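Asker: Next up is a structure, given as structure tokens.
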Amino acid sequence: MDGGLRVREGGSGEPLLVLLHGLGATGDVWEGWRPGLARRWPGRWIAPDLPGHGGSPPLTAYTIDDLAAAVAGIVRPGAPVVVLGHSLGGVVALALASHRFDVPVRAVIGLGIKVAWTDEDLERTRAVARRPLAWFAARDEAAARYLRVSGLAGLVPASNPAVDAGLREQDGRWRLAMDPGAFAVGAPDMAQLLARSRAPVTLARGEHDPMNTDEQLTGLGVPAVTLPGLGHNAHVESPELAITLLDPHR
């Protein structure tokens, strides 16, 4: 635990790389990056569980700024920082690069961010946020739900030890570790986040990501990269390809 957040880490030196997972997942989604980071990243890296996810405590209410403030609290001052975030984590990465947080971000990479939201999208997430915790009689049932919620179904087997970070067991029953309230974080104001960023931003997506389109990303006026053959969780599908997003910032 670091500053109240559960953190996975590796490497040493500078620059610091902060890896931020998406809604419903944990920092364990970056585990497949360890070998590549050892070869390709010159400094230290950290992958926290965002508040209300995995082993990190929940918040009373969830906003992008509150999530960014929690991450800022575990970044040691002084070292240059590169932030790569997936989906919700990419939005938090953009917020970290603003003047409101004392974090020396020198580059932001947002992967798989959903940039266009409908009223139906928002109502659906609010409805999920209002649901009570669901309990399961067996780990396998809870693991299947975790994999669906995190978007990792079909990519990570339920037996993978990393799935345990997203689960809690109590008195022989199982539930997701995630606080359902995190779904109420809402849609990002991408124009405002990009305008406030003090660091250069690259937006990236998997070619087959249903959450966004090439046109939506390029329309935001920042460099955009499409990773061929990959979907929404490109960083899990192919760590070897997705990690190349870091190459300009080593």
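FYI, nothing fancy with the structure tokens labels: chains A, B, ... in order, residues from 1 per chain, ligands from 1 as they appear.
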Give the strand (DSSP E) residues of region 32-185 of chain A, as DSSP finds them on the backbone, and put them as a PyMOL selection string.
Answerer: chain A and resi 45-48+81-86+105-111+167-170+173-176
Asker: Which of region 62-237 of chain A end up as helix (DSSP H, G or I) when DSSP is run on this backbone - answer as a PDB file with N, CA and C atoms, in the first residue's frame?
Answerer:
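Saved the output as states.pdb:
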```
ATOM      1  N   ILE A  64     -13.457  12.654 -11.454  1.00  0.00           N
ATOM      2  CA  ILE A  64     -12.141  12.524 -12.084  1.00  0.00           C
ATOM      3  C   ILE A  64     -11.081  13.214 -11.240  1.00  0.00           C
ATOM      4  N   ASP A  65     -11.390  14.400 -10.727  1.00  0.00           N
ATOM      5  CA  ASP A  65     -10.414  15.119  -9.918  1.00  0.00           C
ATOM      6  C   ASP A  65     -10.058  14.364  -8.637  1.00  0.00           C
ATOM      7  N   ASP A  66     -11.052  13.742  -8.007  1.00  0.00           N
ATOM      8  CA  ASP A  66     -10.770  12.995  -6.779  1.00  0.00           C
ATOM      9  C   ASP A  66      -9.885  11.787  -7.064  1.00  0.00           C
ATOM     10  N   LEU A  67     -10.131  11.113  -8.158  1.00  0.00           N
ATOM     11  CA  LEU A  67      -9.283   9.988  -8.540  1.00  0.00           C
ATOM     12  C   LEU A  67      -7.868  10.462  -8.842  1.00  0.00           C
ATOM     13  N   ALA A  68      -7.758  11.576  -9.557  1.00  0.00           N
ATOM     14  CA  ALA A  68      -6.432  12.114  -9.886  1.00  0.00           C
ATOM     15  C   ALA A  68      -5.688  12.549  -8.631  1.00  0.00           C
ATOM     16  N   ALA A  69      -6.405  13.147  -7.684  1.00  0.00           N
ATOM     17  CA  ALA A  69      -5.758  13.576  -6.440  1.00  0.00           C
ATOM     18  C   ALA A  69      -5.205  12.384  -5.675  1.00  0.00           C
ATOM     19  N   ALA A  70      -5.926  11.273  -5.672  1.00  0.00           N
ATOM     20  CA  ALA A  70      -5.445  10.074  -4.981  1.00  0.00           C
ATOM     21  C   ALA A  70      -4.168   9.552  -5.633  1.00  0.00           C
ATOM     22  N   VAL A  71      -4.118   9.559  -6.958  1.00  0.00           N
ATOM     23  CA  VAL A  71      -2.912   9.103  -7.648  1.00  0.00           C
ATOM     24  C   VAL A  71      -1.767  10.085  -7.425  1.00  0.00           C
ATOM     25  N   ALA A  72      -2.075  11.383  -7.473  1.00  0.00           N
ATOM     26  CA  ALA A  72      -1.032  12.387  -7.240  1.00  0.00           C
ATOM     27  C   ALA A  72      -0.384  12.196  -5.875  1.00  0.00           C
ATOM     28  N   LEU A  88     -10.922   4.754 -18.289  1.00  0.00           N
ATOM     29  CA  LEU A  88     -11.029   5.706 -17.179  1.00  0.00           C
ATOM     30  C   LEU A  88      -9.653   6.149 -16.716  1.00  0.00           C
ATOM     31  N   GLY A  89      -8.701   5.226 -16.683  1.00  0.00           N
ATOM     32  CA  GLY A  89      -7.341   5.596 -16.284  1.00  0.00           C
ATOM     33  C   GLY A  89      -6.716   6.631 -17.207  1.00  0.00           C
ATOM     34  N   GLY A  90      -7.088   6.600 -18.485  1.00  0.00           N
ATOM     35  CA  GLY A  90      -6.588   7.613 -19.411  1.00  0.00           C
ATOM     36  C   GLY A  90      -7.146   8.984 -19.107  1.00  0.00           C
ATOM     37  N   VAL A  91      -8.412   9.025 -18.676  1.00  0.00           N
ATOM     38  CA  VAL A  91      -9.018  10.301 -18.286  1.00  0.00           C
ATOM     39  C   VAL A  91      -8.341  10.837 -17.026  1.00  0.00           C
ATOM     40  N   VAL A  92      -8.087   9.969 -16.064  1.00  0.00           N
ATOM     41  CA  VAL A  92      -7.378  10.379 -14.848  1.00  0.00           C
ATOM     42  C   VAL A  92      -5.978  10.880 -15.199  1.00  0.00           C
ATOM     43  N   ALA A  93      -5.333  10.237 -16.152  1.00  0.00           N
ATOM     44  CA  ALA A  93      -4.007  10.680 -16.595  1.00  0.00           C
ATOM     45  C   ALA A  93      -4.055  12.102 -17.136  1.00  0.00           C
ATOM     46  N   LEU A  94      -5.086  12.419 -17.928  1.00  0.00           N
ATOM     47  CA  LEU A  94      -5.226  13.773 -18.454  1.00  0.00           C
ATOM     48  C   LEU A  94      -5.412  14.785 -17.322  1.00  0.00           C
ATOM     49  N   ALA A  95      -6.222  14.434 -16.339  1.00  0.00           N
ATOM     50  CA  ALA A  95      -6.431  15.349 -15.216  1.00  0.00           C
ATOM     51  C   ALA A  95      -5.138  15.587 -14.449  1.00  0.00           C
ATOM     52  N   LEU A  96      -4.316  14.550 -14.300  1.00  0.00           N
ATOM     53  CA  LEU A  96      -3.050  14.688 -13.572  1.00  0.00           C
ATOM     54  C   LEU A  96      -2.120  15.705 -14.233  1.00  0.00           C
ATOM     55  N   ASP A 119     -27.009   9.970 -23.435  1.00  0.00           N
ATOM     56  CA  ASP A 119     -27.787   9.968 -22.191  1.00  0.00           C
ATOM     57  C   ASP A 119     -28.036   8.542 -21.711  1.00  0.00           C
ATOM     58  N   GLU A 120     -28.220   7.635 -22.647  1.00  0.00           N
ATOM     59  CA  GLU A 120     -28.461   6.230 -22.278  1.00  0.00           C
ATOM     60  C   GLU A 120     -27.214   5.625 -21.637  1.00  0.00           C
ATOM     61  N   ASP A 121     -26.039   5.964 -22.171  1.00  0.00           N
ATOM     62  CA  ASP A 121     -24.790   5.482 -21.569  1.00  0.00           C
ATOM     63  C   ASP A 121     -24.690   5.921 -20.115  1.00  0.00           C
ATOM     64  N   LEU A 122     -24.959   7.191 -19.878  1.00  0.00           N
ATOM     65  CA  LEU A 122     -24.810   7.741 -18.535  1.00  0.00           C
ATOM     66  C   LEU A 122     -25.843   7.161 -17.575  1.00  0.00           C
ATOM     67  N   GLU A 123     -27.071   6.975 -18.043  1.00  0.00           N
ATOM     68  CA  GLU A 123     -28.096   6.392 -17.173  1.00  0.00           C
ATOM     69  C   GLU A 123     -27.748   4.956 -16.828  1.00  0.00           C
ATOM     70  N   ARG A 124     -27.189   4.240 -17.768  1.00  0.00           N
ATOM     71  CA  ARG A 124     -26.806   2.850 -17.519  1.00  0.00           C
ATOM     72  C   ARG A 124     -25.716   2.775 -16.448  1.00  0.00           C
ATOM     73  N   THR A 125     -24.730   3.651 -16.516  1.00  0.00           N
ATOM     74  CA  THR A 125     -23.667   3.623 -15.505  1.00  0.00           C
ATOM     75  C   THR A 125     -24.194   4.075 -14.141  1.00  0.00           C
ATOM     76  N   ARG A 126     -25.099   5.039 -14.130  1.00  0.00           N
ATOM     77  CA  ARG A 126     -25.680   5.474 -12.849  1.00  0.00           C
ATOM     78  C   ARG A 126     -26.495   4.352 -12.221  1.00  0.00           C
ATOM     79  N   ALA A 127     -27.188   3.587 -13.067  1.00  0.00           N
ATOM     80  CA  ALA A 127     -27.978   2.473 -12.545  1.00  0.00           C
ATOM     81  C   ALA A 127     -27.080   1.412 -11.923  1.00  0.00           C
ATOM     82  N   VAL A 128     -25.951   1.125 -12.566  1.00  0.00           N
ATOM     83  CA  VAL A 128     -25.001   0.159 -12.004  1.00  0.00           C
ATOM     84  C   VAL A 128     -24.446   0.671 -10.683  1.00  0.00           C
ATOM     85  N   ALA A 129     -24.177   1.972 -10.606  1.00  0.00           N
ATOM     86  CA  ALA A 129     -23.625   2.554  -9.379  1.00  0.00           C
ATOM     87  C   ALA A 129     -24.581   2.432  -8.203  1.00  0.00           C
ATOM     88  N   ARG A 130     -25.873   2.371  -8.481  1.00  0.00           N
ATOM     89  CA  ARG A 130     -26.868   2.300  -7.403  1.00  0.00           C
ATOM     90  C   ARG A 130     -27.117   0.879  -6.909  1.00  0.00           C
ATOM     91  N   ARG A 139     -16.040 -18.801  -5.816  1.00  0.00           N
ATOM     92  CA  ARG A 139     -15.092 -17.888  -6.431  1.00  0.00           C
ATOM     93  C   ARG A 139     -15.274 -17.827  -7.943  1.00  0.00           C
ATOM     94  N   ASP A 140     -15.527 -18.966  -8.579  1.00  0.00           N
ATOM     95  CA  ASP A 140     -15.647 -18.971 -10.033  1.00  0.00           C
ATOM     96  C   ASP A 140     -16.774 -18.064 -10.520  1.00  0.00           C
ATOM     97  N   GLU A 141     -17.879 -18.039  -9.780  1.00  0.00           N
ATOM     98  CA  GLU A 141     -18.985 -17.161 -10.165  1.00  0.00           C
ATOM     99  C   GLU A 141     -18.580 -15.702 -10.043  1.00  0.00           C
ATOM    100  N   ALA A 142     -17.927 -15.366  -8.938  1.00  0.00           N
ATOM    101  CA  ALA A 142     -17.479 -13.985  -8.745  1.00  0.00           C
ATOM    102  C   ALA A 142     -16.418 -13.606  -9.764  1.00  0.00           C
ATOM    103  N   ALA A 143     -15.526 -14.546 -10.083  1.00  0.00           N
ATOM    104  CA  ALA A 143     -14.480 -14.270 -11.066  1.00  0.00           C
ATOM    105  C   ALA A 143     -15.076 -13.999 -12.436  1.00  0.00           C
ATOM    106  N   ALA A 144     -16.107 -14.765 -12.801  1.00  0.00           N
ATOM    107  CA  ALA A 144     -16.759 -14.531 -14.092  1.00  0.00           C
ATOM    108  C   ALA A 144     -17.377 -13.146 -14.149  1.00  0.00           C
ATOM    109  N   ARG A 145     -18.000 -12.711 -13.048  1.00  0.00           N
ATOM    110  CA  ARG A 145     -18.572 -11.369 -13.021  1.00  0.00           C
ATOM    111  C   ARG A 145     -17.475 -10.302 -13.103  1.00  0.00           C
ATOM    112  N   TYR A 146     -16.394 -10.510 -12.353  1.00  0.00           N
ATOM    113  CA  TYR A 146     -15.289  -9.542 -12.405  1.00  0.00           C
ATOM    114  C   TYR A 146     -14.756  -9.400 -13.829  1.00  0.00           C
ATOM    115  N   LEU A 147     -14.567 -10.516 -14.511  1.00  0.00           N
ATOM    116  CA  LEU A 147     -14.014 -10.459 -15.859  1.00  0.00           C
ATOM    117  C   LEU A 147     -14.950  -9.745 -16.816  1.00  0.00           C
ATOM    118  N   ARG A 148     -16.270  -9.904 -16.629  1.00  0.00           N
ATOM    119  CA  ARG A 148     -17.230  -9.174 -17.475  1.00  0.00           C
ATOM    120  C   ARG A 148     -17.195  -7.681 -17.170  1.00  0.00           C
ATOM    121  N   VAL A 149     -17.211  -7.335 -15.895  1.00  0.00           N
ATOM    122  CA  VAL A 149     -17.245  -5.921 -15.498  1.00  0.00           C
ATOM    123  C   VAL A 149     -15.987  -5.192 -15.960  1.00  0.00           C
ATOM    124  N   PRO A 161      -4.086 -15.772 -11.160  1.00  0.00           N
ATOM    125  CA  PRO A 161      -3.971 -15.144  -9.837  1.00  0.00           C
ATOM    126  C   PRO A 161      -4.290 -13.654  -9.839  1.00  0.00           C
ATOM    127  N   ALA A 162      -4.096 -12.984 -10.977  1.00  0.00           N
ATOM    128  CA  ALA A 162      -4.389 -11.549 -11.044  1.00  0.00           C
ATOM    129  C   ALA A 162      -5.874 -11.265 -10.809  1.00  0.00           C
ATOM    130  N   VAL A 163      -6.726 -12.238 -11.110  1.00  0.00           N
ATOM    131  CA  VAL A 163      -8.163 -12.046 -10.901  1.00  0.00           C
ATOM    132  C   VAL A 163      -8.469 -11.901  -9.411  1.00  0.00           C
ATOM    133  N   ASP A 164      -7.668 -12.537  -8.566  1.00  0.00           N
ATOM    134  CA  ASP A 164      -7.911 -12.465  -7.124  1.00  0.00           C
ATOM    135  C   ASP A 164      -7.863 -11.038  -6.598  1.00  0.00           C
ATOM    136  N   ALA A 165      -7.088 -10.171  -7.259  1.00  0.00           N
ATOM    137  CA  ALA A 165      -7.009  -8.772  -6.816  1.00  0.00           C
ATOM    138  C   ALA A 165      -8.352  -8.066  -6.958  1.00  0.00           C
ATOM    139  N   GLY A 166      -9.215  -8.571  -7.826  1.00  0.00           N
ATOM    140  CA  GLY A 166     -10.517  -7.955  -8.036  1.00  0.00           C
ATOM    141  C   GLY A 166     -11.636  -8.590  -7.246  1.00  0.00           C
ATOM    142  N   PRO A 180     -19.282  -0.416  -6.300  1.00  0.00           N
ATOM    143  CA  PRO A 180     -20.155  -0.096  -7.435  1.00  0.00           C
ATOM    144  C   PRO A 180     -20.317   1.401  -7.659  1.00  0.00           C
ATOM    145  N   GLY A 181     -20.166   2.199  -6.600  1.00  0.00           N
ATOM    146  CA  GLY A 181     -20.312   3.643  -6.732  1.00  0.00           C
ATOM    147  C   GLY A 181     -19.354   4.272  -7.710  1.00  0.00           C
ATOM    148  N   ALA A 182     -18.249   3.586  -8.013  1.00  0.00           N
ATOM    149  CA  ALA A 182     -17.272   4.135  -8.959  1.00  0.00           C
ATOM    150  C   ALA A 182     -17.857   4.313 -10.352  1.00  0.00           C
ATOM    151  N   PHE A 183     -18.924   3.578 -10.652  1.00  0.00           N
ATOM    152  CA  PHE A 183     -19.554   3.722 -11.967  1.00  0.00           C
ATOM    153  C   PHE A 183     -20.204   5.088 -12.146  1.00  0.00           C
ATOM    154  N   ALA A 184     -20.386   5.821 -11.067  1.00  0.00           N
ATOM    155  CA  ALA A 184     -21.040   7.131 -11.153  1.00  0.00           C
ATOM    156  C   ALA A 184     -20.071   8.256 -11.508  1.00  0.00           C
ATOM    157  N   VAL A 185     -18.867   7.923 -11.894  1.00  0.00           N
ATOM    158  CA  VAL A 185     -17.866   8.967 -12.154  1.00  0.00           C
ATOM    159  C   VAL A 185     -18.281   9.881 -13.305  1.00  0.00           C
ATOM    160  N   MET A 190     -13.655  16.056 -22.461  1.00  0.00           N
ATOM    161  CA  MET A 190     -12.363  15.892 -23.119  1.00  0.00           C
ATOM    162  C   MET A 190     -11.771  17.214 -23.579  1.00  0.00           C
ATOM    163  N   ALA A 191     -12.597  18.102 -24.102  1.00  0.00           N
ATOM    164  CA  ALA A 191     -12.075  19.389 -24.570  1.00  0.00           C
ATOM    165  C   ALA A 191     -11.413  20.147 -23.421  1.00  0.00           C
ATOM    166  N   GLN A 192     -12.066  20.156 -22.267  1.00  0.00           N
ATOM    167  CA  GLN A 192     -11.512  20.856 -21.116  1.00  0.00           C
ATOM    168  C   GLN A 192     -10.245  20.174 -20.604  1.00  0.00           C
ATOM    169  N   LEU A 193     -10.268  18.859 -20.514  1.00  0.00           N
ATOM    170  CA  LEU A 193      -9.097  18.130 -20.032  1.00  0.00           C
ATOM    171  C   LEU A 193      -7.888  18.358 -20.938  1.00  0.00           C
ATOM    172  N   LEU A 194      -8.116  18.329 -22.229  1.00  0.00           N
ATOM    173  CA  LEU A 194      -7.011  18.550 -23.162  1.00  0.00           C
ATOM    174  C   LEU A 194      -6.512  19.993 -23.095  1.00  0.00           C
ATOM    175  N   ALA A 195      -7.421  20.938 -22.942  1.00  0.00           N
ATOM    176  CA  ALA A 195      -7.017  22.339 -22.856  1.00  0.00           C
ATOM    177  C   ALA A 195      -6.194  22.614 -21.605  1.00  0.00           C
ATOM    178  N   ARG A 196      -6.492  21.911 -20.522  1.00  0.00           N
ATOM    179  CA  ARG A 196      -5.807  22.140 -19.260  1.00  0.00           C
ATOM    180  C   ARG A 196      -4.479  21.391 -19.141  1.00  0.00           C
ATOM    181  N   ASP A 214     -11.554   6.163 -34.850  1.00  0.00           N
ATOM    182  CA  ASP A 214     -10.421   6.983 -35.275  1.00  0.00           C
ATOM    183  C   ASP A 214     -10.859   8.432 -35.452  1.00  0.00           C
ATOM    184  N   GLU A 215     -12.034   8.635 -36.035  1.00  0.00           N
ATOM    185  CA  GLU A 215     -12.511   9.992 -36.308  1.00  0.00           C
ATOM    186  C   GLU A 215     -12.740  10.768 -35.010  1.00  0.00           C
ATOM    187  N   GLN A 216     -13.276  10.107 -34.011  1.00  0.00           N
ATOM    188  CA  GLN A 216     -13.503  10.782 -32.734  1.00  0.00           C
ATOM    189  C   GLN A 216     -12.196  11.230 -32.101  1.00  0.00           C
ATOM    190  N   LEU A 217     -11.190  10.386 -32.149  1.00  0.00           N
ATOM    191  CA  LEU A 217      -9.910  10.748 -31.516  1.00  0.00           C
ATOM    192  C   LEU A 217      -9.189  11.836 -32.302  1.00  0.00           C
ATOM    193  N   THR A 218      -9.103  11.691 -33.612  1.00  0.00           N
ATOM    194  CA  THR A 218      -8.399  12.708 -34.398  1.00  0.00           C
ATOM    195  C   THR A 218      -9.132  14.041 -34.349  1.00  0.00           C
ATOM    196  N   ALA A 234      -6.409  -3.288 -25.379  1.00  0.00           N
ATOM    197  CA  ALA A 234      -5.224  -3.548 -26.200  1.00  0.00           C
ATOM    198  C   ALA A 234      -3.993  -3.844 -25.353  1.00  0.00           C
ATOM    199  N   HIS A 235      -3.906  -3.215 -24.183  1.00  0.00           N
ATOM    200  CA  HIS A 235      -2.728  -3.403 -23.328  1.00  0.00           C
ATOM    201  C   HIS A 235      -2.658  -4.807 -22.754  1.00  0.00           C
ATOM    202  N   VAL A 236      -3.799  -5.496 -22.671  1.00  0.00           N
ATOM    203  CA  VAL A 236      -3.835  -6.879 -22.192  1.00  0.00           C
ATOM    204  C   VAL A 236      -3.724  -7.847 -23.371  1.00  0.00           C
ATOM    205  N   GLU A 237      -4.371  -7.512 -24.471  1.00  0.00           N
ATOM    206  CA  GLU A 237      -4.352  -8.378 -25.650  1.00  0.00           C
ATOM    207  C   GLU A 237      -2.942  -8.544 -26.203  1.00  0.00           C
TER     208      GLU A 237
END
```
Asker: Write out as a list in words the residues lying within 12 Å of Ser238 (chain A), counting only C-alpha atoms and excluding same-chain residues fewer than 5 positions away.
Answerer: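 Final neighbour list, sorted by chain and number: Val29, Trp30, Glu31, Gly32, Trp33, Gly36, Leu155, Gly206, Leu227, Pro228, Gly229, Leu230, Gly231, His232, Asn233, Ile243, Thr244 and Leu245 of chain A.
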Asker: Keeping only all heavy atoms, write those residues as a tab-separated table (two decimals), in the first residue's frame.
Answerer:
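New file part.tsv:
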```tsv
chain	number	residue	atom	x	y	z
A	29	VAL	N	-3.69	-5.59	-14.27
A	29	VAL	CA	-3.81	-5.73	-15.73
A	29	VAL	C	-2.50	-5.42	-16.43
A	29	VAL	O	-2.31	-5.80	-17.59
A	29	VAL	CB	-4.92	-4.83	-16.32
A	29	VAL	CG1	-6.29	-5.25	-15.82
A	29	VAL	CG2	-4.66	-3.36	-16.04
A	30	TRP	N	-1.58	-4.76	-15.74
A	30	TRP	CA	-0.30	-4.40	-16.35
A	30	TRP	C	0.77	-5.46	-16.10
A	30	TRP	O	1.93	-5.27	-16.49
A	30	TRP	CB	0.18	-3.06	-15.80
A	30	TRP	CG	-0.82	-1.97	-15.99
A	30	TRP	CD1	-1.64	-1.44	-15.04
A	30	TRP	CD2	-1.12	-1.25	-17.21
A	30	TRP	NE1	-2.44	-0.46	-15.58
A	30	TRP	CE2	-2.14	-0.33	-16.91
A	30	TRP	CE3	-0.61	-1.32	-18.51
A	30	TRP	CZ2	-2.67	0.53	-17.86
A	30	TRP	CZ3	-1.13	-0.47	-19.47
A	30	TRP	CH2	-2.15	0.44	-19.15
A	31	GLU	N	0.41	-6.57	-15.46
A	31	GLU	CA	1.40	-7.59	-15.12
A	31	GLU	C	2.11	-8.12	-16.35
A	31	GLU	O	3.30	-8.40	-16.32
A	31	GLU	CB	0.72	-8.74	-14.37
A	31	GLU	CG	1.67	-9.75	-13.76
A	31	GLU	CD	2.60	-9.17	-12.70
A	31	GLU	OE1	2.26	-8.10	-12.13
A	31	GLU	OE2	3.66	-9.78	-12.45
A	32	GLY	N	1.39	-8.23	-17.46
A	32	GLY	CA	2.01	-8.71	-18.69
A	32	GLY	C	3.04	-7.76	-19.28
A	32	GLY	O	3.78	-8.13	-20.20
A	33	TRP	N	3.11	-6.54	-18.74
A	33	TRP	CA	4.09	-5.56	-19.21
A	33	TRP	C	5.44	-5.69	-18.51
A	33	TRP	O	6.41	-5.06	-18.94
A	33	TRP	CB	3.55	-4.15	-18.99
A	33	TRP	CG	2.50	-3.73	-19.96
A	33	TRP	CD1	1.44	-4.47	-20.40
A	33	TRP	CD2	2.41	-2.47	-20.65
A	33	TRP	NE1	0.67	-3.75	-21.28
A	33	TRP	CE2	1.24	-2.52	-21.45
A	33	TRP	CE3	3.17	-1.31	-20.62
A	33	TRP	CZ2	0.85	-1.45	-22.25
A	33	TRP	CZ3	2.77	-0.24	-21.42
A	33	TRP	CH2	1.64	-0.31	-22.22
A	36	GLY	N	8.50	-6.53	-20.76
A	36	GLY	CA	8.77	-5.44	-21.71
A	36	GLY	C	9.29	-4.20	-21.03
A	36	GLY	O	10.19	-3.52	-21.54
A	155	LEU	N	-10.00	-12.73	-22.26
A	155	LEU	CA	-8.61	-12.32	-22.34
A	155	LEU	C	-7.77	-12.87	-21.19
A	155	LEU	O	-6.56	-13.11	-21.36
A	155	LEU	CB	-8.50	-10.78	-22.34
A	155	LEU	CG	-9.21	-10.05	-23.47
A	155	LEU	CD1	-9.07	-8.55	-23.29
A	155	LEU	CD2	-8.66	-10.48	-24.82
A	206	GLY	N	-7.31	0.58	-29.85
A	206	GLY	CA	-7.21	-0.61	-30.65
A	206	GLY	C	-8.08	-0.47	-31.88
A	206	GLY	O	-9.15	0.15	-31.84
A	227	LEU	N	-3.76	0.97	-32.88
A	227	LEU	CA	-3.00	-0.28	-32.76
A	227	LEU	C	-3.71	-1.36	-33.56
A	227	LEU	O	-4.84	-1.74	-33.23
A	227	LEU	CB	-2.89	-0.68	-31.29
A	227	LEU	CG	-2.19	0.33	-30.38
A	227	LEU	CD1	-2.26	-0.12	-28.92
A	227	LEU	CD2	-0.75	0.55	-30.81
A	228	PRO	N	-3.10	-1.85	-34.63
A	228	PRO	CA	-3.80	-2.76	-35.54
A	228	PRO	C	-4.17	-4.09	-34.88
A	228	PRO	O	-3.40	-4.66	-34.10
A	228	PRO	CB	-2.80	-2.96	-36.68
A	228	PRO	CG	-1.47	-2.62	-36.09
A	228	PRO	CD	-1.73	-1.56	-35.07
A	229	GLY	N	-5.38	-4.55	-35.20
A	229	GLY	CA	-5.82	-5.87	-34.80
A	229	GLY	C	-6.27	-6.02	-33.37
A	229	GLY	O	-6.68	-7.11	-32.95
A	230	LEU	N	-6.26	-4.93	-32.59
A	230	LEU	CA	-6.56	-5.03	-31.16
A	230	LEU	C	-7.90	-4.36	-30.84
A	230	LEU	O	-8.43	-3.60	-31.63
A	230	LEU	CB	-5.44	-4.39	-30.34
A	230	LEU	CG	-4.05	-4.98	-30.55
A	230	LEU	CD1	-3.03	-4.28	-29.67
A	230	LEU	CD2	-4.04	-6.48	-30.27
A	231	GLY	N	-8.42	-4.66	-29.65
A	231	GLY	CA	-9.70	-4.13	-29.21
A	231	GLY	C	-9.56	-3.15	-28.08
A	231	GLY	O	-8.53	-2.46	-27.96
A	232	HIS	N	-10.57	-3.10	-27.21
A	232	HIS	CA	-10.59	-2.09	-26.15
A	232	HIS	C	-9.47	-2.30	-25.14
A	232	HIS	O	-8.84	-1.32	-24.70
A	232	HIS	CB	-11.94	-2.14	-25.44
A	232	HIS	CG	-12.09	-1.09	-24.38
A	232	HIS	ND1	-11.97	0.26	-24.64
A	232	HIS	CD2	-12.34	-1.20	-23.04
A	232	HIS	CE1	-12.13	0.95	-23.51
A	232	HIS	NE2	-12.35	0.08	-22.53
A	233	ASN	N	-9.20	-3.53	-24.76
A	233	ASN	CA	-8.14	-3.81	-23.80
A	233	ASN	C	-6.85	-4.18	-24.52
A	233	ASN	O	-6.25	-5.24	-24.29
A	233	ASN	CB	-8.57	-4.92	-22.85
A	233	ASN	CG	-9.51	-4.42	-21.77
A	233	ASN	OD1	-9.11	-3.84	-20.78
A	233	ASN	ND2	-10.81	-4.63	-22.00
A	243	ILE	N	2.95	-1.57	-25.65
A	243	ILE	CA	4.05	-0.93	-24.94
A	243	ILE	C	4.87	-0.01	-25.86
A	243	ILE	O	5.58	0.88	-25.38
A	243	ILE	CB	4.96	-1.98	-24.27
A	243	ILE	CG1	5.74	-1.37	-23.09
A	243	ILE	CG2	5.90	-2.63	-25.27
A	243	ILE	CD1	6.48	-2.40	-22.27
A	244	THR	N	4.74	-0.19	-27.17
A	244	THR	CA	5.46	0.68	-28.10
A	244	THR	C	4.96	2.13	-28.01
A	244	THR	O	5.64	3.05	-28.48
A	244	THR	CB	5.33	0.19	-29.54
A	244	THR	OG1	3.96	0.19	-29.94
A	244	THR	CG2	5.91	-1.22	-29.69
A	245	LEU	N	3.78	2.34	-27.41
A	245	LEU	CA	3.29	3.71	-27.21
A	245	LEU	C	4.25	4.51	-26.34
A	245	LEU	O	4.23	5.75	-26.38
A	245	LEU	CB	1.90	3.67	-26.55
A	245	LEU	CG	0.77	3.07	-27.40
A	245	LEU	CD1	-0.47	2.86	-26.54
A	245	LEU	CD2	0.45	3.98	-28.58
```
Asker: Write out as a list in words the residues lying within 6 Å of region 134-136 of chain A, counting only C-alpha atoms and excluding same-chain residues fewer than 3 positions away.
Answerer: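 Residues near the query, excluding close chain neighbours: Ala142, Arg173, Trp174 and Arg175 of chain A.
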Asker: Which residue, A:Ser150, A:Arg168, A:Trp41, A:Pro35, has the smallest gap to Ala138 (chain A) when you use only C-alpha atoms?
Answerer: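 Using only C-alpha atoms, Ala138 (chain A) sits closest to A:Arg168.
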Asker: Could you give me, as a PyMOL selection string, the residues within 12 Å of Arg76 (chain A), counting only C-alpha atoms and dropping anything in the same chain fewer than 6 positions from it?
Answerer: chain A and resi 2-3+14-18+44-46+102-105
Asker: Generate the output file for the selected residues, C-alpha atoms, as a CSV table (one decimal), in the first residue's frame.
Answerer:
```
chain,number,residue,atom,x,y,z
A,2,ASP,CA,1.3,3.5,-0.8
A,3,GLY,CA,-0.7,6.6,0.3
A,14,GLU,CA,13.8,8.1,-13.8
A,15,PRO,CA,11.5,8.9,-15.5
A,16,LEU,CA,8.7,7.5,-13.4
A,17,LEU,CA,6.0,5.7,-15.4
A,18,VAL,CA,2.5,5.7,-13.9
A,44,ARG,CA,10.7,3.1,-12.2
A,45,TRP,CA,7.1,2.3,-12.8
A,46,ILE,CA,4.0,2.1,-10.6
A,102,ASP,CA,1.6,19.2,-8.3
A,103,VAL,CA,2.8,16.4,-10.5
A,104,PRO,CA,5.6,17.1,-13.1
A,105,VAL,CA,3.9,15.2,-16.0
```
Asker: Excluding Gly112 (chain A) and residues on its chain fewer than 6 positions from it, collect all residues at most 6 Å away from it, counting only C-alpha atoms, and give them as a VMD selection string.
Answerer: chain A and resid 86 to 87 205 232
Asker: Next, write the just-selected residues to a file, as a PDB file, in the first residue's frame, keeping N, CA and C atoms as the atom set.
Answerer:
```
ATOM      1  N   HIS A  86      -5.493   3.584 -19.243  1.00  0.00           N
ATOM      2  CA  HIS A  86      -6.455   2.919 -20.107  1.00  0.00           C
ATOM      3  C   HIS A  86      -7.873   3.321 -19.725  1.00  0.00           C
ATOM      4  N   SER A  87      -8.674   3.732 -20.690  1.00  0.00           N
ATOM      5  CA  SER A  87     -10.089   4.034 -20.498  1.00  0.00           C
ATOM      6  C   SER A  87     -10.259   5.079 -19.386  1.00  0.00           C
ATOM      7  N   ARG A 205      -5.935   3.896 -29.535  1.00  0.00           N
ATOM      8  CA  ARG A 205      -7.048   2.955 -29.491  1.00  0.00           C
ATOM      9  C   ARG A 205      -6.660   1.687 -30.223  1.00  0.00           C
ATOM     10  N   HIS A 232     -10.569  -3.100 -27.210  1.00  0.00           N
ATOM     11  CA  HIS A 232     -10.588  -2.095 -26.150  1.00  0.00           C
ATOM     12  C   HIS A 232      -9.471  -2.297 -25.144  1.00  0.00           C
TER      13      HIS A 232
END
```
